[in-house]
Each structure stands twice: as C-alpha cells, then as structure tokens.
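Enquirer: Dropping in data.txt, which is compact mmCIF, C-alpha atoms:
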# COMPACT_ATOMS: atom_id res chain seq x y z
CA MET A 299 0.00 0.00 0.00
CA ASP A 300 1.27 3.44 -0.92
CA ALA A 301 0.72 5.74 2.03
CA ARG A 302 1.52 8.74 -0.16
CA TRP A 303 -1.77 8.39 -2.00
CA ASN A 304 -4.07 10.63 -0.12
CA ARG A 305 -7.76 9.86 -0.43
CA HIS A 306 -8.73 13.22 1.01
CA LYS A 307 -6.76 15.00 -1.69
CA ARG A 308 -8.22 12.68 -4.31
CA LEU A 309 -11.77 13.41 -3.14
CA ALA A 310 -11.18 17.16 -3.10
CA GLN A 311 -10.28 16.95 -6.82
CA ASP A 312 -13.82 15.75 -7.56
CA ILE A 313 -15.54 18.76 -5.97
CA PRO A 314 -16.40 21.54 -8.45
CA ASN A 315 -15.48 25.13 -7.66
CA GLY A 316 -18.15 26.95 -5.67
CA SER A 317 -19.73 23.80 -4.22
CA TYR A 318 -21.62 23.94 -0.95
CA VAL A 319 -20.25 20.99 1.00
CA ASN A 320 -21.01 19.35 4.33
CA LEU A 321 -18.10 17.38 5.78
CA GLY A 322 -19.04 14.81 8.41
CA ILE A 323 -17.43 14.48 11.79
CA GLY A 324 -13.96 12.96 11.84
CA ILE A 325 -11.97 11.83 8.83
CA PRO A 326 -13.86 13.76 6.13
CA GLU A 327 -12.86 17.03 7.83
CA LEU A 328 -9.36 16.43 6.47
CA VAL A 329 -10.69 17.05 2.96
CA ALA A 330 -10.74 20.74 3.81
CA SER A 331 -6.94 20.72 3.95
CA HIS A 332 -6.67 19.63 0.30
CA VAL A 333 -8.66 22.12 -1.71
CA PRO A 334 -7.15 22.29 -5.23
CA GLU A 335 -5.54 25.54 -6.31
CA GLY A 336 -8.03 28.04 -7.70
CA ARG A 337 -11.14 26.44 -6.19
CA THR A 338 -13.27 27.66 -3.33
CA PHE A 339 -15.67 25.39 -1.47
CA ILE A 340 -18.18 26.73 1.01
CA TYR A 341 -18.46 24.50 4.05
CA HIS A 342 -21.74 23.97 5.82
CA THR A 343 -21.84 22.70 9.37
CA GLU A 344 -25.27 21.54 10.42
CA ASN A 345 -25.19 23.21 13.81
CA GLY A 346 -25.71 26.50 12.01
CA LEU A 347 -22.85 27.97 9.98
CA LEU A 348 -22.22 28.35 6.28
CA GLY A 349 -18.69 29.49 5.46
CA MET A 350 -16.89 27.51 8.13
CA GLY A 351 -13.14 28.12 8.29
CA PRO A 352 -10.25 26.11 9.77
CA SER A 353 -9.36 25.64 13.42
CA PRO A 354 -8.63 28.89 15.23
CA ALA A 355 -5.18 30.09 16.25
CA ALA A 356 -4.27 29.52 19.88
CA GLY A 357 -6.00 32.05 22.11
CA GLU A 358 -8.50 33.09 19.43
CA SER A 359 -11.08 30.37 19.84
CA ASP A 360 -14.73 30.99 20.65
CA PRO A 361 -16.51 28.16 22.49
CA GLU A 362 -19.71 29.19 20.74
CA LEU A 363 -18.19 29.04 17.26
CA ILE A 364 -18.05 25.30 16.74
CA ASN A 365 -18.66 22.65 14.10
CA ALA A 366 -20.94 19.61 14.14
CA GLY A 367 -18.15 17.66 15.87
CA LYS A 368 -18.25 20.32 18.62
CA ARG A 369 -14.72 21.43 17.76
CA ARG A 370 -13.91 25.10 17.68
CA VAL A 371 -13.68 26.56 14.18
CA THR A 372 -13.48 29.94 12.48
CA MET A 373 -15.63 31.68 9.91
CA MET A 374 -14.67 32.80 6.42
CA PRO A 375 -15.54 36.14 4.80
CA GLY A 376 -19.14 35.83 3.61
CA ALA A 377 -20.10 33.41 6.38
CA ALA A 378 -23.63 33.24 7.76
CA PHE A 379 -25.17 31.92 10.98
CA PHE A 380 -28.67 30.44 11.15
CA ASP A 381 -30.92 28.29 13.27
CA GLN A 382 -31.40 24.53 13.05
CA ALA A 383 -34.57 24.64 10.95
CA THR A 384 -32.82 26.80 8.36
CA SER A 385 -29.72 24.62 8.48
CA PHE A 386 -31.72 21.48 7.85
CA ALA A 387 -33.78 23.21 5.17
CA MET A 388 -30.43 23.52 3.36
CA ILE A 389 -29.85 19.80 3.87
CA ARG A 390 -33.34 18.36 3.49
CA GLY A 391 -34.38 20.82 0.79
CA GLY A 392 -31.60 19.61 -1.53
CA HIS A 393 -29.63 22.87 -1.48
CA LEU A 394 -26.25 21.40 -0.57
CA ASP A 395 -24.17 19.97 -3.41
CA LEU A 396 -22.25 17.32 -1.52
CA SER A 397 -22.10 15.47 1.76
CA VAL A 398 -18.96 13.56 2.75
CA LEU A 399 -19.51 10.98 5.46
CA GLY A 400 -17.67 8.17 7.19
CA ALA A 401 -19.00 4.62 7.11
CA LEU A 402 -19.25 1.46 9.12
CA GLN A 403 -20.57 -0.38 6.06
CA VAL A 404 -21.59 0.49 2.49
CA ALA A 405 -23.64 -1.99 0.46
CA ALA A 406 -23.41 -2.60 -3.28
CA ASN A 407 -26.83 -0.94 -3.70
CA GLY A 408 -25.67 2.25 -1.96
CA ASP A 409 -27.15 1.51 1.46
CA LEU A 410 -25.13 3.22 4.18
CA ALA A 411 -24.67 2.22 7.82
CA ASN A 412 -22.64 4.76 9.78
CA TRP A 413 -24.36 5.55 13.07
CA SER A 414 -24.66 2.41 15.16
CA THR A 415 -23.28 -1.10 15.38
CA GLY A 416 -26.54 -2.11 17.00
CA ALA A 417 -24.65 -3.55 19.98
CA ASP A 418 -26.80 -4.01 23.09
CA ASP A 419 -24.74 -1.71 25.29
CA ALA A 420 -24.19 0.98 22.65
CA ILE A 421 -25.68 4.40 23.26
CA PRO A 422 -27.58 5.16 20.07
CA ALA A 423 -26.77 8.58 18.62
CA VAL A 424 -27.55 9.71 15.10
CA GLY A 425 -27.11 13.49 14.79
CA GLY A 426 -27.73 14.79 11.28
CA ALA A 427 -26.51 11.77 9.27
CA MET A 428 -29.98 10.51 8.28
CA ASP A 429 -31.01 13.99 7.15
CA LEU A 430 -27.83 14.44 5.13
CA VAL A 431 -28.17 11.18 3.22
CA ALA A 432 -31.88 11.78 2.58
CA GLY A 433 -31.50 15.33 1.35
CA VAL A 434 -28.10 16.09 -0.17
CA LYS A 435 -27.68 15.64 -3.93
CA ARG A 436 -24.47 13.60 -3.80
CA VAL A 437 -23.18 11.54 -0.88
CA PHE A 438 -19.53 10.53 -0.89
CA VAL A 439 -18.17 8.09 1.65
CA MET A 440 -14.63 8.44 2.95
CA THR A 441 -13.43 5.34 4.75
CA THR A 442 -10.74 2.78 5.23
CA HIS A 443 -11.46 -0.19 3.00
CA VAL A 444 -11.51 -2.62 5.94
CA THR A 445 -11.95 -2.26 9.70
CA LYS A 446 -9.06 -2.37 12.18
CA GLU A 447 -9.85 -6.08 12.51
CA GLY A 448 -9.58 -6.52 8.73
CA GLU A 449 -13.32 -6.92 8.10
CA PRO A 450 -14.48 -5.53 4.75
CA LYS A 451 -16.63 -2.41 4.98
CA LEU A 452 -17.89 -2.68 1.40
CA VAL A 453 -20.46 -5.44 1.53
CA GLN A 454 -23.34 -7.03 -0.37
CA HIS A 455 -25.84 -6.13 2.34
CA CYS A 456 -25.31 -4.01 5.45
CA THR A 457 -25.63 -5.94 8.70
CA TYR A 458 -25.52 -2.82 10.88
CA PRO A 459 -28.60 -0.57 11.22
CA LEU A 460 -28.99 1.65 8.17
CA THR A 461 -28.54 5.40 7.96
CA GLY A 462 -30.27 5.47 4.59
CA ARG A 463 -31.21 3.23 1.68
CA GLY A 464 -29.43 3.54 -1.69
CA VAL A 465 -27.88 6.88 -0.83
CA VAL A 466 -24.13 6.54 -1.47
CA THR A 467 -22.80 7.84 -4.79
CA ARG A 468 -19.07 7.16 -4.52
CA ILE A 469 -16.59 5.67 -2.05
CA TYR A 470 -13.03 6.89 -1.45
CA SER A 471 -11.06 4.27 0.46
CA ASP A 472 -7.37 3.91 1.17
CA LEU A 473 -7.25 1.34 -1.67
CA ALA A 474 -9.51 2.64 -4.41
CA VAL A 475 -12.19 4.99 -5.63
CA ILE A 476 -15.39 3.03 -6.25
CA ASP A 477 -18.74 4.15 -7.64
CA VAL A 478 -22.08 2.74 -6.60
CA THR A 479 -23.97 1.95 -9.81
CA GLU A 480 -27.14 0.12 -10.78
CA ARG A 481 -24.84 -2.88 -11.38
CA GLY A 482 -23.23 -2.63 -7.95
CA PHE A 483 -19.72 -1.50 -7.07
CA ALA A 484 -17.72 -0.20 -10.05
CA LEU A 485 -14.01 0.60 -10.00
CA VAL A 486 -13.09 4.18 -10.80
CA GLU A 487 -9.45 4.14 -9.83
CA LEU A 488 -6.95 2.13 -7.82
CA ALA A 489 -4.57 3.73 -5.37
CA PRO A 490 -1.00 3.70 -6.71
CA GLY A 491 0.67 0.30 -6.25
CA ILE A 492 -2.59 -1.45 -5.41
CA ALA A 493 -3.67 -4.39 -7.58
CA PHE A 494 -7.33 -4.89 -8.43
CA ASP A 495 -7.38 -8.40 -6.94
CA PHE A 496 -6.08 -7.02 -3.64
CA VAL A 497 -9.10 -4.70 -3.48
CA GLN A 498 -11.60 -7.32 -4.62
CA GLU A 499 -10.37 -9.78 -1.97
CA ARG A 500 -11.12 -7.15 0.68
CA THR A 501 -14.60 -6.39 -0.67
CA CYS A 502 -17.62 -8.60 0.09
CA ALA A 503 -19.34 -7.92 -3.25
CA PRO A 504 -18.21 -8.00 -6.86
CA ILE A 505 -16.52 -4.89 -8.24
CA ILE A 506 -17.07 -4.37 -11.95
CA THR A 507 -14.22 -2.85 -13.91
CA ASN A 508 -15.86 -2.01 -17.22
CA HIS A 509 -18.41 0.50 -16.06
CA ALA A 510 -18.78 3.41 -18.49
CA ARG A 511 -18.44 6.66 -16.62
CA LYS A 512 -19.48 10.10 -17.57
CA MET B 235 -45.85 49.01 29.44
CA ILE B 236 -44.39 45.62 28.70
CA ASP B 237 -41.47 44.37 30.72
CA LYS B 238 -40.72 40.65 30.61
CA ARG B 239 -37.72 40.85 32.89
CA VAL B 240 -37.68 38.73 36.01
CA GLY B 241 -35.24 39.30 38.83
CA SER B 242 -33.46 35.98 39.04
CA THR B 243 -33.05 32.59 37.41
CA ARG B 244 -34.74 31.15 40.49
CA GLU B 245 -37.82 33.26 39.91
CA ALA B 246 -37.73 32.48 36.19
CA VAL B 247 -38.08 28.71 36.66
CA ALA B 248 -40.20 28.72 39.84
CA ASP B 249 -43.37 27.28 38.24
CA ILE B 250 -41.83 24.38 36.31
CA PHE B 251 -43.86 21.46 37.56
CA ASP B 252 -43.22 17.75 38.04
CA GLY B 253 -43.73 15.87 34.79
CA ALA B 254 -43.32 18.96 32.61
CA THR B 255 -41.85 18.80 29.12
CA VAL B 256 -38.91 21.21 28.95
CA MET B 257 -37.04 22.18 25.80
CA ILE B 258 -33.43 23.20 26.47
CA GLY B 259 -31.42 25.02 23.81
CA GLY B 260 -27.83 24.28 22.92
CA PHE B 261 -25.66 22.22 20.62
CA GLY B 262 -22.95 20.91 22.89
CA GLU B 263 -22.03 23.80 25.13
CA ALA B 264 -22.86 26.43 22.50
CA GLY B 265 -26.12 27.99 23.59
CA SER B 266 -26.61 25.84 26.67
CA PRO B 267 -28.47 27.94 29.29
CA ILE B 268 -26.44 26.62 32.21
CA GLU B 269 -27.64 29.10 34.84
CA LEU B 270 -31.30 28.36 34.07
CA ILE B 271 -30.60 24.61 34.22
CA HIS B 272 -28.85 25.00 37.56
CA ALA B 273 -31.80 27.01 38.85
CA LEU B 274 -34.09 24.19 37.73
CA ILE B 275 -31.96 21.71 39.67
CA ASP B 276 -32.29 23.89 42.78
CA GLN B 277 -36.04 24.21 42.19
CA GLY B 278 -36.48 20.44 42.35
CA ALA B 279 -39.05 19.60 39.64
CA LYS B 280 -38.81 15.93 38.71
CA GLY B 281 -40.15 13.43 36.19
CA LEU B 282 -39.28 15.89 33.43
CA THR B 283 -39.19 15.14 29.72
CA VAL B 284 -36.28 17.08 28.24
CA VAL B 285 -36.04 17.96 24.56
CA SER B 286 -32.44 18.88 23.69
CA ASN B 287 -29.94 17.95 20.99
CA ASN B 288 -27.41 16.49 23.43
CA THR B 289 -27.29 15.32 27.04
CA GLY B 290 -24.47 17.45 28.44
CA THR B 291 -20.90 16.73 29.48
CA GLY B 292 -19.13 16.47 32.81
CA LEU B 293 -21.19 17.07 35.95
CA VAL B 294 -22.63 20.51 35.20
CA GLY B 295 -25.55 21.95 33.26
CA LEU B 296 -27.75 19.43 31.47
CA ALA B 297 -25.62 16.49 32.66
CA ALA B 298 -26.11 17.68 36.25
CA LEU B 299 -29.89 17.83 35.79
CA LEU B 300 -29.82 14.23 34.53
CA ARG B 301 -27.50 13.15 37.33
CA ALA B 302 -29.92 14.59 39.89
CA GLU B 303 -32.45 12.10 38.44
CA ARG B 304 -34.99 14.76 37.62
CA VAL B 305 -35.44 13.62 34.04
CA SER B 306 -37.42 10.53 33.10
CA LYS B 307 -37.12 10.90 29.33
CA VAL B 308 -34.97 12.71 26.80
CA ILE B 309 -35.89 13.47 23.20
CA CYS B 310 -32.53 13.92 21.57
CA SER B 311 -30.44 13.38 18.43
CA PHE B 312 -26.99 12.77 19.87
CA PRO B 313 -26.79 11.68 23.52
CA LYS B 314 -23.17 10.52 23.63
CA THR B 315 -20.86 13.47 23.13
CA ALA B 316 -17.23 12.99 24.16
CA GLY B 317 -17.04 13.67 27.88
CA SER B 318 -20.62 12.59 28.42
CA THR B 319 -20.87 9.89 31.09
CA VAL B 320 -24.00 10.75 33.06
CA PHE B 321 -26.52 9.89 30.34
CA PRO B 322 -24.80 6.67 29.23
CA ASP B 323 -24.71 5.43 32.83
CA LEU B 324 -28.40 6.24 33.44
CA TYR B 325 -29.41 4.74 30.09
CA ARG B 326 -27.52 1.50 30.66
CA ALA B 327 -29.03 1.28 34.15
CA GLY B 328 -32.52 1.62 32.64
CA LYS B 329 -33.17 4.80 34.61
CA ILE B 330 -33.98 7.04 31.67
CA GLU B 331 -35.99 6.73 28.50
CA LEU B 332 -34.53 7.87 25.17
CA GLU B 333 -36.46 8.92 22.09
CA LEU B 334 -33.77 9.19 19.43
CA VAL B 335 -34.64 11.57 16.60
CA PRO B 336 -32.55 12.60 13.57
CA GLN B 337 -31.27 16.13 14.15
CA GLY B 338 -33.11 17.69 11.22
CA THR B 339 -36.32 15.90 12.11
CA LEU B 340 -35.91 17.10 15.71
CA ALA B 341 -35.51 20.69 14.52
CA GLU B 342 -38.48 20.39 12.19
CA ARG B 343 -40.68 18.70 14.81
CA ILE B 344 -40.01 21.61 17.16
CA ARG B 345 -40.52 24.15 14.38
CA ALA B 346 -43.79 22.45 13.39
CA GLY B 347 -44.96 22.33 17.01
CA GLY B 348 -44.38 26.05 17.33
CA ALA B 349 -46.02 26.82 13.99
CA GLY B 350 -49.25 24.92 14.56
CA ILE B 351 -48.31 22.08 12.20
CA VAL B 352 -49.44 18.89 13.89
CA ALA B 353 -47.39 16.50 11.72
CA PHE B 354 -45.43 16.30 8.48
CA TYR B 355 -43.87 13.76 6.12
CA THR B 356 -40.12 13.45 5.52
CA PRO B 357 -37.89 10.93 3.73
CA THR B 358 -35.32 11.19 6.54
CA ALA B 359 -34.86 7.85 8.37
CA VAL B 360 -36.84 5.76 5.86
CA GLY B 361 -35.43 2.23 5.88
CA THR B 362 -33.75 2.70 9.25
CA PRO B 363 -34.66 1.56 12.77
CA LEU B 364 -35.83 5.11 13.54
CA ALA B 365 -38.71 4.74 11.07
CA GLU B 366 -39.96 1.46 12.54
CA GLY B 367 -43.57 1.63 13.65
CA LYS B 368 -44.14 5.01 12.02
CA GLU B 369 -46.81 5.64 9.41
CA SER B 370 -45.38 5.98 5.95
CA ARG B 371 -46.66 7.13 2.60
CA VAL B 372 -45.24 7.37 -0.91
CA PHE B 373 -45.03 10.77 -2.56
CA GLY B 374 -43.46 11.00 -6.02
CA ASN B 375 -42.15 7.42 -5.92
CA ARG B 376 -40.36 8.07 -2.68
CA GLU B 377 -41.30 6.76 0.73
CA HIS B 378 -41.77 9.28 3.53
CA VAL B 379 -42.45 8.81 7.25
CA LEU B 380 -44.94 10.74 9.32
CA GLU B 381 -43.38 12.78 12.11
CA TYR B 382 -45.27 14.74 14.74
CA GLY B 383 -44.71 18.28 15.91
CA ILE B 384 -43.45 18.68 19.48
CA ARG B 385 -44.70 21.21 21.99
CA ALA B 386 -43.43 21.80 25.49
CA ASP B 387 -44.56 23.37 28.73
CA PHE B 388 -41.35 25.35 29.11
CA THR B 389 -38.36 26.34 26.99
CA LEU B 390 -35.02 27.39 28.47
CA ILE B 391 -32.64 29.17 26.09
CA LYS B 392 -29.63 31.47 26.10
CA GLY B 393 -29.37 34.66 24.09
CA CYS B 394 -26.51 37.12 23.97
CA LYS B 395 -28.83 40.13 23.98
CA ALA B 396 -32.49 40.58 24.78
CA ASP B 397 -34.76 43.52 25.37
CA THR B 398 -37.62 44.13 27.77
CA HIS B 399 -40.13 42.98 25.13
CA GLY B 400 -38.37 39.64 24.82
CA ASN B 401 -36.71 40.20 21.46
CA VAL B 402 -33.56 38.07 21.35
CA LEU B 403 -30.23 37.98 19.50
CA TYR B 404 -27.82 35.07 19.70
CA HIS B 405 -24.05 34.59 19.55
CA ARG B 406 -22.77 32.69 16.52
CA THR B 407 -23.45 28.92 16.65
CA ALA B 408 -25.11 29.30 20.05
CA ARG B 409 -28.31 30.07 18.12
CA ASN B 410 -28.94 26.46 16.99
CA PHE B 411 -32.28 25.21 18.39
CA ALA B 412 -33.25 28.29 20.41
CA PRO B 413 -35.35 30.13 17.81
CA MET B 414 -37.51 27.04 17.19
CA MET B 415 -37.79 26.12 20.86
CA ALA B 416 -38.87 29.67 21.71
CA THR B 417 -41.93 29.18 19.51
CA ALA B 418 -42.93 25.74 20.77
CA ALA B 419 -43.47 26.17 24.51
CA THR B 420 -46.26 27.54 26.64
CA VAL B 421 -43.66 29.49 28.61
CA THR B 422 -40.34 30.50 27.04
CA ILE B 423 -37.59 31.67 29.37
CA VAL B 424 -34.50 33.41 28.03
CA GLN B 425 -31.28 34.10 29.89
CA ALA B 426 -29.24 36.85 28.25
CA ALA B 427 -25.87 38.35 29.02
CA ASP B 428 -27.10 41.78 28.05
CA VAL B 429 -30.65 43.03 28.64
CA VAL B 430 -31.66 46.38 27.20
CA GLU B 431 -34.74 48.58 26.96
CA ALA B 432 -37.18 48.06 24.09
CA GLY B 433 -36.00 50.16 21.16
CA ALA B 434 -32.31 49.62 21.80
CA LEU B 435 -32.03 46.63 19.43
CA ASP B 436 -32.14 47.02 15.65
CA PRO B 437 -35.53 45.59 14.58
CA GLU B 438 -33.91 44.33 11.35
CA ALA B 439 -31.51 42.20 13.36
CA ILE B 440 -33.95 40.52 15.78
CA VAL B 441 -33.75 36.73 15.49
CA THR B 442 -36.48 35.76 17.95
CA PRO B 443 -39.33 38.27 18.10
CA GLY B 444 -40.63 38.99 21.59
CA ILE B 445 -44.05 37.43 20.99
CA PHE B 446 -42.40 34.03 21.53
CA VAL B 447 -40.74 34.99 24.80
CA ASP B 448 -42.38 35.20 28.23
CA ARG B 449 -39.52 35.83 30.64
CA VAL B 450 -36.10 37.44 30.31
CA VAL B 451 -33.49 37.03 33.01
CA HIS B 452 -30.17 38.82 33.03
CA VAL B 453 -27.17 36.50 33.49
CA ALA B 454 -24.21 38.81 33.06
CA SER B 455 -21.39 36.29 32.73
CA PRO B 456 -22.80 32.94 31.70
CA ALA B 457 -20.61 29.96 32.51
CA LEU B 458 -19.35 27.63 29.80
CA GLU B 459 -19.57 23.88 30.15
CA SER B 460 -15.99 23.36 28.95
CA ALA B 461 -14.55 25.89 31.42
CA LEU B 462 -16.51 24.39 34.31
CA ASN B 463 -15.42 20.90 33.34
CA GLU B 464 -11.78 21.92 33.05
CA ALA B 465 -12.06 23.31 36.57
CA GLY B 466 -13.51 19.99 37.74
CA ALA B 467 -16.81 21.59 38.73
CA SER B 468 -19.96 19.69 39.57
CA TYR B 469 -23.45 20.97 40.36
CA PRO B 470 -24.88 21.33 42.87
Give the structure from this file in structure tokens form.
Expert:
Amino acid sequence: MDARWNRHKRLAQDIPNGSYVNLGIGIPELVASHVPEGRTFIYHTENGLLGMGPSPAAGESDPELINAGKRRVTMMPGAAFFDQATSFAMIRGGHLDLSVLGALQVAANGDLANWSTGADDAIPAVGGAMDLVAGVKRVFVMTTHVTKEGEPKLVQHCTYPLTGRGVVTRIYSDLAVIDVTERGFALVELAPGIAFDFVQERTCAPIITNHARK
Amino acid sequence: MIDKRVGSTREAVADIFDGATVMIGGFGEAGSPIELIHALIDQGAKGLTVVSNNTGTGLVGLAALLRAERVSKVICSFPKTAGSTVFPDLYRAGKIELELVPQGTLAERIRAGGAGIVAFYTPTAVGTPLAEGKESRVFGNREHVLEYGIRADFTLIKGCKADTHGNVLYHRTARNFAPMMATAATVTIVQAADVVEAGALDPEAIVTPGIFVDRVVHVASPALESALNEAGASYP
C-alpha cells in the first residue's frame, strides 16, 4: 500500500469550484486541507454555519463558534449563521451539493450504515446523518477499506442498522475509488501500487471494472 | 408598558412542575443555558421530559440535571458526546428513556410544534430503525415517514442580547435550536448576558421576536460547560 496516495486530496479533486459541502465528523474534515488551487468550497456545518473556516489560532477560539463535531472553528468572509430549521432546510431541501460521510458499512446498492453497530450496550446517537443522506444531492463516503480487525466495509448487504437506503454515490477508500452503480460497485481508480485483486479480496461484493463513466 | 424581565433565574423557573416537558437550547455547550438549568436543579421539579440535541458533558448543566435524576425521558439526536458519562450510565441502568430523533427531524418537529403544524412527512430515516412503527406514505415514488410536531410546557434558552419585550439575539453557533424552541413552549424563558430597553435593538436584526418569549433574566457572565469541566466543577 502506498501511504503517499491521499484519499482526502483525491476526493477534493472531484468537488467543483463553488460547491456547498457538508463534511461529516472525523476523517472527512481532512478534505478541507486539500482544496485544489483556484477552487473555493463553502463549508456547511449543520449546527448553524455556512462558510466555516479552519481551526482557530491559539487564544483566538470561541466556544460558541463550533462545528458539528463540537470542535472550535473559524468563519470565512461571507459566512452566515442560522438556526437549526434553516440549516436542515439547506440539507433536506436539496440545497447542498455534496455530503462527505464516514461509514461502518456500504452496500453494493448504496445503502449506508454509519451511526450504530446495534450492539446491546451501545448508546444510540444519530445526529444529522440521516437527514444528510436523505437530502443532499451527492453523498460521498470516505473510509478505510476494511476495519481495524480486517473486516471488509464494502459489503453485499449491510448488517448494521442503516442510515439510509441507496444513498451513497461514490466511495473513497485507502485502496480505491469506487462508484455505486445500478450494477453494484464499479471501480473508478486504484490507489498507486494497489492491484485490483487485492481490493476485490477485501470487498464482500463483486466490483465491476468495465463501467462506463461520464 | 411591557417588561418581561424577572429578577433571578430562580424566579424564572419557579413554576416548572413535576412531569413537565422542557425544551433546552444548545448544541454541545454552545447555547446551553447553564444558569437556568442549575436554577431548575435547585427548584427540584422531577419526572421531566427534556427535549435537547445532546445530554451534556461532565457534571454541570444538562448532565447535572440528569445526574440529579430529575429527568425521566430525553428526546434527543446525539446523547453521547465525548465527555458525556451521566446519560450513558443512566441509560444502561434503565433509569432514563430515550427517544432518538434525527437532528433535522428534531428541529423540524419543534418548528412544526411552534407553527401549529401537527405533523409532516419526511424521507429522513426511511429504511432505518428510527422509522420502525411510524406511518409511511409514498409521494413522487419516494417513501416518507410521518413525524409529529413537538410542543413543550417550558423552553429554556440562552441569548446574547435581549430587550424588555423579549426580542432576542444570539451569539454565533449558540443560536442552533433556540429560535424554534422559543416558539414551541407555553412558557419561554431566556437568559441573556445583556438586557436592554425596548427600542435599543435594531428591529432588522432581531432573530427571535418577543411574541415568543415570556420571561427574560439577566445573566451577566454565563458559565461555559468546557470551562466548568476543566475546573472539575460539579453541580450542585
């Protein structure tokens, strides 16, 4: 595996200039560090800010200027604050261009599970994930290809409770970029130095390689 | 003359009764009305249903209210923030009921409750455990679930500025659920760091118009959950 291939950077290349983007809590936030030269993305955070900027400098943070992960952030020129109904009107009304989320499992039909393992002692918590997948035009998943235990995350059918049905458009893993199509998983691109068979062996559903892409 | 000011947080929450439904603003610590929550702990009402996005962190504010076992049920989207131990312990011990609601559906249910909309359909949560047992209907080839508006007996929120008519402004992402919650309760109580006479705020800038607000209490230097937790505070 080539650690130099950066899936966050790769994903950022696929976001058109001027897009309104919601980055989920955790890994997808790193996408913001890889905006291609000459492009501007406007980041939405569902707790009520459009035009979110990077982490504040030491001593300049505001505990009431935070992102959906409850981390302190800054605001960019042109930023706007709004209430939760307005924020979710942006999400549920189809106004955002892209949502980037993490995943526990993605199924070949685009089903996403990313909020609960369904374990008996787990505290269920969903936040805005179900709204994002139901309302945003395109949903990208950013994830490791397998779990820490080596279990594939790309599966035929999700076994964890769903976040949404048939919602994922594209997956960026540490091994490959994979589309979700009407024929199931379709390879877009392999990470440098990664063989197709290596990816297929770590995926619990067939990956087609001859899918015509726009 | 209209003057919605009350003299203290204690006075502001005095009539919250056992079994009341109470909406509490805040997303994490941003917008959490800690002084009003602490006054509610002192007041002693129990068997409360709390509607709030989170369940608090550490042993102060909302977490302290839960720890005092005054809350029998929470309606919430994300009850397990980092640093949140009180709710998980109560939940695992079977001492508190949880109604888990997607965040956007929670916001819209509160908005609907305040706007006289009894219920609405949304595609959010279709196909997930959170849609189980709910009525559903297909619109335009897409399945939607029926969600009900929520109303409360009391709402507790934090503004940065308010006037004597109850008009409220908020600070940055502290706004979050407060404008909706203000509309959805029989009695809405606002704590604000700055309270001014009617006419002193720019009418173009008002976020929550005073019609939705019943009581305004001045809390000059509101505490922050993170600062209290760093200091190892617990309430009471």
Enquirer: State, in Å with one decimal place, the distance from CA of Thr362 in chain B to CA of Ala327 in chain B.
Expert: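 The value is 25.4 Å.
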Enquirer: Set the cut-off to 9 Å and count only C-alpha atoms: what are the residues of chain A that reach chain B? Output as a PyMOL selection string.
Expert: chain A and resi 344-347+361-368+378-383+385-387+389-390+419-433+459-463
Enquirer: Tell me, as a list in words, which residues lie within 8 Å of range 482-493 of chain A, counting all atoms listed in the file; anything in the same chain fewer than 5 positions away does not count.
Expert: Met299, Asp300, Trp303, Ala406, Asn407, Asp472, Leu473, Ala474, Val475, Ile476, Asp477, Ala503, Pro504, Ile505, Ile506, Thr507, Asn508 and His509 of chain A
Enquirer: Report the distance between CA of Lys435 in chain A and CA of Gly316 in chain A in Å, rounded to one decimal place.
Expert: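 Between CA of Lys435 in chain A and CA of Gly316 in chain A the gap works out to 14.9 Å.
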Enquirer: Extending 3 Å beyond the listed atoms of range 390-406 of chain A on each side, what axis-aligned box results? I want centre and edge lengths in Å to one decimal, as AutoDock Vina command-line options.
Expert:
--center_x -26.0 --center_y 10.1 --center_z 2.9 --size_x 22.7 --size_y 31.5 --size_z 18.5
Enquirer: Excluding Arg301 in chain B and any residue of its chain fewer than 4 positions from it, enumerate the residues within 9 Å of it, using only C-alpha atoms, and give them as a VMD selection string.
Expert: chain B and resid 293 296 to 297 305 320 to 321 324
Enquirer: Keeping C-alpha atoms for every residue in the selection just given, could you write it to a file as a PDB file, keeping the file's coordinate frame?
Expert:
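Contents of result_19.pdb, as written:
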ATOM      1  CA  LEU B 293     -21.190  17.070  35.950  1.00  0.00           C
ATOM      2  CA  LEU B 296     -27.750  19.430  31.470  1.00  0.00           C
ATOM      3  CA  ALA B 297     -25.620  16.490  32.660  1.00  0.00           C
ATOM      4  CA  VAL B 305     -35.440  13.620  34.040  1.00  0.00           C
ATOM      5  CA  VAL B 320     -24.000  10.750  33.060  1.00  0.00           C
ATOM      6  CA  PHE B 321     -26.520   9.890  30.340  1.00  0.00           C
ATOM      7  CA  LEU B 324     -28.400   6.240  33.440  1.00  0.00           C
TER       8      LEU B 324
END
Enquirer: Can you tell me how far CA of His452 in chain B sits from CA of Ala427 in chain B, in Å to one decimal?
Expert: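 Value for the CA of His452 in chain B-CA of Ala427 in chain B distance: 5.9 Å.
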Enquirer: Measuring atom to atom with all atoms listed in the file, identify which of A:Ile340, A:Tyr470, A:Ser331, A:Arg500 is nearest to Lys451 in chain A.
Expert: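 The shortest atom-to-atom distance to Lys451 in chain A comes from A:Arg500.
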Enquirer: Selecting C-alpha atoms, how would range 430-450 of chain A from this structure be written as a PDB file, in the first residue's frame?
Expert:
ATOM      1  CA  LEU A 430     -27.826  14.440   5.133  1.00  0.00           C
ATOM      2  CA  VAL A 431     -28.171  11.180   3.220  1.00  0.00           C
ATOM      3  CA  ALA A 432     -31.878  11.782   2.575  1.00  0.00           C
ATOM      4  CA  GLY A 433     -31.497  15.328   1.350  1.00  0.00           C
ATOM      5  CA  VAL A 434     -28.100  16.087  -0.165  1.00  0.00           C
ATOM      6  CA  LYS A 435     -27.676  15.640  -3.931  1.00  0.00           C
ATOM      7  CA  ARG A 436     -24.473  13.596  -3.805  1.00  0.00           C
ATOM      8  CA  VAL A 437     -23.180  11.537  -0.876  1.00  0.00           C
ATOM      9  CA  PHE A 438     -19.532  10.525  -0.886  1.00  0.00           C
ATOM     10  CA  VAL A 439     -18.166   8.087   1.654  1.00  0.00           C
ATOM     11  CA  MET A 440     -14.628   8.442   2.951  1.00  0.00           C
ATOM     12  CA  THR A 441     -13.431   5.344   4.748  1.00  0.00           C
ATOM     13  CA  THR A 442     -10.742   2.780   5.234  1.00  0.00           C
ATOM     14  CA  HIS A 443     -11.462  -0.193   3.000  1.00  0.00           C
ATOM     15  CA  VAL A 444     -11.507  -2.625   5.938  1.00  0.00           C
ATOM     16  CA  THR A 445     -11.949  -2.259   9.702  1.00  0.00           C
ATOM     17  CA  LYS A 446      -9.055  -2.374  12.175  1.00  0.00           C
ATOM     18  CA  GLU A 447      -9.845  -6.077  12.507  1.00  0.00           C
ATOM     19  CA  GLY A 448      -9.581  -6.524   8.731  1.00  0.00           C
ATOM     20  CA  GLU A 449     -13.316  -6.918   8.098  1.00  0.00           C
ATOM     21  CA  PRO A 450     -14.481  -5.525   4.747  1.00  0.00           C
TER      22      PRO A 450
END
